[in-house]
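What follows is a short report on a single structure.
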Amino acid sequence: MSKKLFVGNLEWGVVEDDLQQLFSPFGAIEEVVVIKDKFSGRSKGFGFVTFTNDEEGDKAVAELNGKDLKGREITVNEARPQKPRNEM
């Protein structure tokens, strides 16, 4: 089963390749995404990394939460399901 991790407090210049390099030593990765504003294309300061294996994801959380990446202390934890939005 795969494990999706939330990665927050990213420096604006962080791209998918940066996260791939940081997380790949912990195991096989299915997907890496840095969330961007749909109008400006600028990073929103967070992203997601999906591991193919739960144990590898857990190890990455334990090792990388609070680690410095490009001058910022990143937050790494298990992603929670997105809450439904109230459409008006």
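Every chain in the structure tokens takes a letter, A first, then B, and so on in the order presented; its residues are numbered from 1, and the ligands are numbered from 1 following the presented order.
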
message = Write out as a VMD selection string the set of residues from chain A that DSSP, computed on the backbone, places in helix (DSSP H, G or I).
response = chain A and resid 16 to 26 54 to 64

Exercise: range 25-41 of chain A partners within 8 Å, only C-alpha atoms, chain neighbours under 5 positions left out, as a short mmCIF file (atom, residue, chain, number, x, y, z; two decimals) with all heavy atoms, in the first residue's frame:
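Output file out.cif is given in full below:
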data_model
loop_
_atom_site.label_atom_id
_atom_site.label_comp_id
_atom_site.auth_asym_id
_atom_site.auth_seq_id
_atom_site.Cartn_x
_atom_site.Cartn_y
_atom_site.Cartn_z
N VAL A 14 11.74 25.77 -4.46
CA VAL A 14 11.82 24.31 -4.44
C VAL A 14 10.94 23.73 -5.55
O VAL A 14 9.79 24.13 -5.71
CB VAL A 14 11.39 23.75 -3.05
CG1 VAL A 14 11.25 22.24 -3.09
CG2 VAL A 14 12.39 24.16 -1.99
N VAL A 15 11.51 22.78 -6.30
CA VAL A 15 10.78 22.13 -7.40
C VAL A 15 10.72 20.62 -7.11
O VAL A 15 11.34 20.13 -6.19
CB VAL A 15 11.45 22.39 -8.77
CG1 VAL A 15 11.37 23.87 -9.13
CG2 VAL A 15 12.88 21.92 -8.77
N GLU A 16 9.97 19.90 -7.95
CA GLU A 16 9.79 18.46 -7.77
C GLU A 16 11.12 17.71 -7.68
O GLU A 16 11.27 16.80 -6.87
CB GLU A 16 8.93 17.87 -8.90
CG GLU A 16 7.45 18.13 -8.75
CD GLU A 16 6.97 19.45 -9.35
OE1 GLU A 16 7.81 20.23 -9.86
OE2 GLU A 16 5.75 19.71 -9.28
N LEU A 19 12.61 17.73 -4.18
CA LEU A 19 11.96 16.80 -3.26
C LEU A 19 12.31 15.36 -3.61
O LEU A 19 12.51 14.53 -2.72
CB LEU A 19 10.43 17.00 -3.28
CG LEU A 19 9.93 18.32 -2.70
CD1 LEU A 19 8.41 18.36 -2.76
CD2 LEU A 19 10.40 18.53 -1.28
N GLN A 20 12.38 15.06 -4.90
CA GLN A 20 12.75 13.71 -5.34
C GLN A 20 14.13 13.33 -4.79
O GLN A 20 14.31 12.25 -4.24
CB GLN A 20 12.76 13.66 -6.87
CG GLN A 20 13.14 12.31 -7.46
CD GLN A 20 12.00 11.32 -7.46
OE1 GLN A 20 10.85 11.69 -7.67
NE2 GLN A 20 12.30 10.06 -7.22
N PHE A 46 4.03 24.27 -0.49
CA PHE A 46 3.85 22.91 0.01
C PHE A 46 3.72 21.94 -1.15
O PHE A 46 3.53 22.34 -2.30
CB PHE A 46 2.65 22.80 0.96
CG PHE A 46 1.31 22.98 0.30
CD1 PHE A 46 0.58 21.87 -0.12
CD2 PHE A 46 0.76 24.24 0.11
CE1 PHE A 46 -0.67 22.04 -0.72
CE2 PHE A 46 -0.47 24.41 -0.48
CZ PHE A 46 -1.20 23.30 -0.89
N GLY A 47 3.85 20.66 -0.82
CA GLY A 47 3.74 19.64 -1.85
C GLY A 47 3.47 18.29 -1.23
O GLY A 47 3.21 18.17 -0.03
N PHE A 48 3.51 17.26 -2.08
CA PHE A 48 3.23 15.90 -1.64
C PHE A 48 4.23 14.93 -2.26
O PHE A 48 4.63 15.09 -3.41
CB PHE A 48 1.81 15.49 -2.06
CG PHE A 48 0.75 16.34 -1.42
CD1 PHE A 48 0.24 17.45 -2.07
CD2 PHE A 48 0.27 16.04 -0.16
CE1 PHE A 48 -0.73 18.24 -1.49
CE2 PHE A 48 -0.70 16.83 0.44
CZ PHE A 48 -1.21 17.94 -0.23
N VAL A 49 4.61 13.93 -1.47
CA VAL A 49 5.48 12.86 -1.94
C VAL A 49 4.77 11.55 -1.60
O VAL A 49 4.38 11.34 -0.45
CB VAL A 49 6.86 12.89 -1.25
CG1 VAL A 49 7.71 11.71 -1.69
CG2 VAL A 49 7.57 14.21 -1.54
N THR A 50 4.59 10.70 -2.60
CA THR A 50 3.91 9.42 -2.39
C THR A 50 4.92 8.28 -2.52
O THR A 50 5.54 8.13 -3.57
CB THR A 50 2.76 9.23 -3.40
OG1 THR A 50 1.88 10.35 -3.32
CG2 THR A 50 1.99 7.95 -3.11
N PHE A 51 5.07 7.51 -1.45
CA PHE A 51 5.94 6.34 -1.44
C PHE A 51 5.13 5.10 -1.80
O PHE A 51 3.94 5.02 -1.50
CB PHE A 51 6.55 6.14 -0.04
CG PHE A 51 7.73 7.01 0.24
CD1 PHE A 51 7.57 8.28 0.76
CD2 PHE A 51 9.01 6.56 -0.03
CE1 PHE A 51 8.65 9.09 1.01
CE2 PHE A 51 10.12 7.36 0.22
CZ PHE A 51 9.94 8.63 0.73
N THR A 52 5.77 4.11 -2.41
CA THR A 52 5.09 2.87 -2.76
C THR A 52 4.90 1.98 -1.54
O THR A 52 4.08 1.06 -1.56
CB THR A 52 5.88 2.08 -3.83
OG1 THR A 52 7.18 1.83 -3.35
CG2 THR A 52 5.96 2.84 -5.13
N ASN A 53 5.62 2.26 -0.45
CA ASN A 53 5.63 1.40 0.72
C ASN A 53 5.41 2.23 1.98
O ASN A 53 6.06 3.25 2.18
CB ASN A 53 7.01 0.70 0.74
CG ASN A 53 7.20 -0.21 1.90
OD1 ASN A 53 7.16 0.23 3.05
ND2 ASN A 53 7.42 -1.47 1.62
N GLU A 56 8.60 2.77 4.33
CA GLU A 56 9.56 3.75 3.79
C GLU A 56 9.05 5.17 4.01
O GLU A 56 9.81 6.07 4.35
CB GLU A 56 9.80 3.48 2.31
CG GLU A 56 10.53 2.17 2.07
CD GLU A 56 10.54 1.72 0.62
OE1 GLU A 56 9.81 2.30 -0.21
OE2 GLU A 56 11.29 0.78 0.31
N GLY A 57 7.75 5.37 3.84
CA GLY A 57 7.15 6.68 4.09
C GLY A 57 7.28 7.08 5.55
O GLY A 57 7.61 8.22 5.88
N LYS A 59 9.56 6.09 7.66
CA LYS A 59 10.96 6.40 7.95
C LYS A 59 11.31 7.80 7.45
O LYS A 59 12.02 8.56 8.13
CB LYS A 59 11.88 5.36 7.30
CG LYS A 59 13.32 5.56 7.68
CD LYS A 59 14.21 4.45 7.21
CE LYS A 59 15.63 4.76 7.66
NZ LYS A 59 16.58 3.79 7.27
N ALA A 60 10.80 8.18 6.27
CA ALA A 60 11.06 9.52 5.74
C ALA A 60 10.47 10.59 6.66
O ALA A 60 11.11 11.62 6.90
CB ALA A 60 10.48 9.65 4.33
#

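Distances from A:Glu78, A:Glu63, A:Glu55, A:Glu73 to Glu11 in chain A were compared using only C-alpha atoms, and the smallest one belongs to A:Glu73.
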
request  = Would you mind writing down, as a ChimeraX atom specification, each residue of chain A that DSSP on the backbone assigns to strand (DSSP E or B)?
outcome  = /A:3-8,29-36,43-51,68-69,72-73,75-78
